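**Q** What follows is a structure written as structure tokens; I'll ask about it next.
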Amino acid sequence: MPLFEVAILEKPTKNEAEDGKSERLVFGPKAVVARDGQSAGIAAVLDAGGVEVNRDRMEVLVRPFA
């Protein structure tokens, strides 16, 4: 199975963005072995146990390793 790199960002609210706040890295980047990119993203979200993030503002970034 291929290797992927996964990171999770939390995007700012509209008010926070207007005040100049940018995205916040809440997880990763972490190496994940998975069947495909979608599986790697799901595995990272499920394995991100103690991460406090608003899922409505969450962005999961996945890229193949190398």
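Ordered as shown in the structure tokens, chains take letters A, B, and onward, while each chain numbers its residues from 1 and ligands are numbered from 1 in the order shown.
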Which residues are close to region 9-15 of chain A, i.e. within 8 Å by only C-alpha atoms, leaving aside same-chain residues fewer than 3 positions away? Reply as a list in words.
**A**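 Near neighbours after the sequence-gap exclusion: Glu18, Asp19, Lys21, Ser22, Glu23, Arg24, Leu25, Val26, Phe27, Val53, Asn54, Arg57, Met58, Glu59, Val60 and Leu61 of chain A.
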**Q** Report as a list in words all protein, DNA and RNA residues lying within 12 Å of Phe4 (chain A), evaluated on only C-alpha atoms, omitting residues in the same chain fewer than 6 positions from it.
**A**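 Residues meeting the cut-off are Gly28, Pro29, Lys30, Ala31, Val32, Val33, Ala34, Arg35, Asp36, Gly37, Gln38, Ser39, Ala40, Gly41, Ile42, Ala43, Ala44, Leu61, Val62, Arg63, Pro64, Phe65 and Ala66 of chain A.
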**Q** Just list the residues in chain A DSSP gives strand (DSSP E) on the backbone, as a VMD selection string.
**A** chain A and resid 3 to 10 24 to 33 58 to 64
**Q** Could you find all residues in chain A that DSSP calls helix (DSSP H, G or I) from the backbone, and write them as a compact mmCIF listing (two decimals) with all heavy atoms, in the first residue's frame?
**A**
```txt
# COMPACT_ATOMS: atom_id res chain seq x y z
N LYS A 14 -15.40 33.72 9.76
CA LYS A 14 -15.40 34.93 8.94
C LYS A 14 -14.89 36.12 9.75
O LYS A 14 -14.07 36.91 9.26
CB LYS A 14 -16.81 35.20 8.42
CG LYS A 14 -16.90 36.34 7.46
CD LYS A 14 -18.29 36.50 6.89
CE LYS A 14 -18.34 37.64 5.90
NZ LYS A 14 -19.68 37.82 5.34
N ASN A 15 -15.32 36.25 10.99
CA ASN A 15 -14.87 37.35 11.84
C ASN A 15 -13.38 37.25 12.14
O ASN A 15 -12.67 38.26 12.14
CB ASN A 15 -15.66 37.39 13.16
CG ASN A 15 -17.09 37.81 12.94
OD1 ASN A 15 -17.41 38.46 11.95
ND2 ASN A 15 -17.96 37.43 13.85
N GLU A 16 -12.90 36.05 12.43
CA GLU A 16 -11.48 35.86 12.70
C GLU A 16 -10.64 36.19 11.46
O GLU A 16 -9.57 36.79 11.57
CB GLU A 16 -11.20 34.42 13.14
CG GLU A 16 -11.72 34.08 14.51
CD GLU A 16 -11.59 32.61 14.85
OE1 GLU A 16 -11.43 31.77 13.94
OE2 GLU A 16 -11.68 32.30 16.05
N ALA A 17 -11.12 35.81 10.28
CA ALA A 17 -10.41 36.09 9.03
C ALA A 17 -10.33 37.60 8.79
O ALA A 17 -9.31 38.11 8.33
CB ALA A 17 -11.08 35.39 7.86
N GLU A 18 -11.41 38.31 9.10
CA GLU A 18 -11.41 39.76 8.93
C GLU A 18 -10.42 40.43 9.88
O GLU A 18 -9.87 41.48 9.57
CB GLU A 18 -12.81 40.32 9.15
CG GLU A 18 -13.77 39.97 8.05
CD GLU A 18 -15.21 40.37 8.34
OE1 GLU A 18 -15.48 40.87 9.46
OE2 GLU A 18 -16.06 40.18 7.46
N GLY A 37 -5.83 8.05 -1.17
CA GLY A 37 -5.80 9.31 -0.45
C GLY A 37 -7.00 9.52 0.46
O GLY A 37 -6.87 10.04 1.57
N GLN A 38 -8.16 9.10 0.01
CA GLN A 38 -9.37 9.25 0.82
C GLN A 38 -9.28 8.40 2.09
O GLN A 38 -9.61 8.86 3.18
CB GLN A 38 -10.60 8.87 0.01
CG GLN A 38 -11.90 9.15 0.75
CD GLN A 38 -13.12 8.91 -0.13
OE1 GLN A 38 -13.00 8.40 -1.25
NE2 GLN A 38 -14.27 9.26 0.37
N SER A 39 -8.81 7.19 1.96
CA SER A 39 -8.63 6.31 3.13
C SER A 39 -7.60 6.88 4.09
O SER A 39 -7.76 6.79 5.31
CB SER A 39 -8.20 4.92 2.69
OG SER A 39 -9.18 4.32 1.89
N ALA A 40 -6.56 7.50 3.56
CA ALA A 40 -5.53 8.11 4.41
C ALA A 40 -6.11 9.28 5.20
O ALA A 40 -5.85 9.42 6.39
CB ALA A 40 -4.36 8.59 3.55
N GLY A 41 -6.93 10.10 4.57
CA GLY A 41 -7.57 11.22 5.26
C GLY A 41 -8.51 10.76 6.35
O GLY A 41 -8.51 11.30 7.46
N ILE A 42 -9.30 9.75 6.07
CA ILE A 42 -10.24 9.21 7.06
C ILE A 42 -9.47 8.62 8.24
O ILE A 42 -9.82 8.85 9.40
CB ILE A 42 -11.18 8.17 6.41
CG1 ILE A 42 -12.13 8.87 5.45
CG2 ILE A 42 -11.95 7.41 7.48
CD1 ILE A 42 -12.92 7.93 4.57
N ALA A 43 -8.42 7.87 7.95
CA ALA A 43 -7.62 7.27 9.03
C ALA A 43 -7.01 8.34 9.92
O ALA A 43 -6.99 8.21 11.14
CB ALA A 43 -6.54 6.38 8.43
N ALA A 44 -6.52 9.41 9.33
CA ALA A 44 -5.91 10.49 10.11
C ALA A 44 -6.94 11.17 11.01
O ALA A 44 -6.67 11.44 12.17
CB ALA A 44 -5.27 11.51 9.18
N VAL A 45 -8.13 11.42 10.48
CA VAL A 45 -9.17 12.07 11.28
C VAL A 45 -9.58 11.17 12.44
O VAL A 45 -9.73 11.62 13.58
CB VAL A 45 -10.40 12.42 10.40
CG1 VAL A 45 -11.58 12.83 11.26
CG2 VAL A 45 -10.04 13.52 9.43
N LEU A 46 -9.73 9.89 12.19
CA LEU A 46 -10.14 8.96 13.24
C LEU A 46 -9.03 8.76 14.28
O LEU A 46 -9.32 8.56 15.46
CB LEU A 46 -10.55 7.61 12.64
CG LEU A 46 -11.81 7.63 11.78
CD1 LEU A 46 -12.04 6.26 11.16
CD2 LEU A 46 -13.01 8.08 12.58
N ASP A 47 -7.77 8.82 13.85
CA ASP A 47 -6.64 8.62 14.76
C ASP A 47 -6.23 9.88 15.50
O ASP A 47 -5.39 9.83 16.39
CB ASP A 47 -5.42 8.08 13.99
CG ASP A 47 -5.64 6.66 13.51
OD1 ASP A 47 -6.55 5.99 14.03
OD2 ASP A 47 -4.89 6.22 12.62
N ARG A 55 -15.32 20.59 13.36
CA ARG A 55 -15.35 19.81 12.11
C ARG A 55 -15.95 20.57 10.93
O ARG A 55 -15.70 20.22 9.78
CB ARG A 55 -16.07 18.49 12.34
CG ARG A 55 -15.27 17.60 13.24
CD ARG A 55 -15.83 16.24 13.35
NE ARG A 55 -14.99 15.46 14.26
CZ ARG A 55 -14.91 14.17 14.23
NH1 ARG A 55 -15.61 13.48 13.38
NH2 ARG A 55 -14.12 13.54 15.09
N ASP A 56 -16.73 21.60 11.20
CA ASP A 56 -17.27 22.42 10.12
C ASP A 56 -16.20 23.30 9.49
O ASP A 56 -16.34 23.72 8.34
CB ASP A 56 -18.41 23.31 10.62
CG ASP A 56 -19.62 22.51 11.06
OD1 ASP A 56 -19.82 21.39 10.52
OD2 ASP A 56 -20.36 22.99 11.93
N ARG A 57 -15.13 23.58 10.23
CA ARG A 57 -14.06 24.44 9.73
C ARG A 57 -12.78 23.65 9.46
O ARG A 57 -11.73 24.22 9.22
CB ARG A 57 -13.76 25.55 10.75
CG ARG A 57 -14.95 26.45 10.95
CD ARG A 57 -14.63 27.67 11.79
NE ARG A 57 -14.24 27.28 13.13
CZ ARG A 57 -13.37 27.95 13.86
NH1 ARG A 57 -12.76 29.00 13.39
NH2 ARG A 57 -13.07 27.54 15.08
```
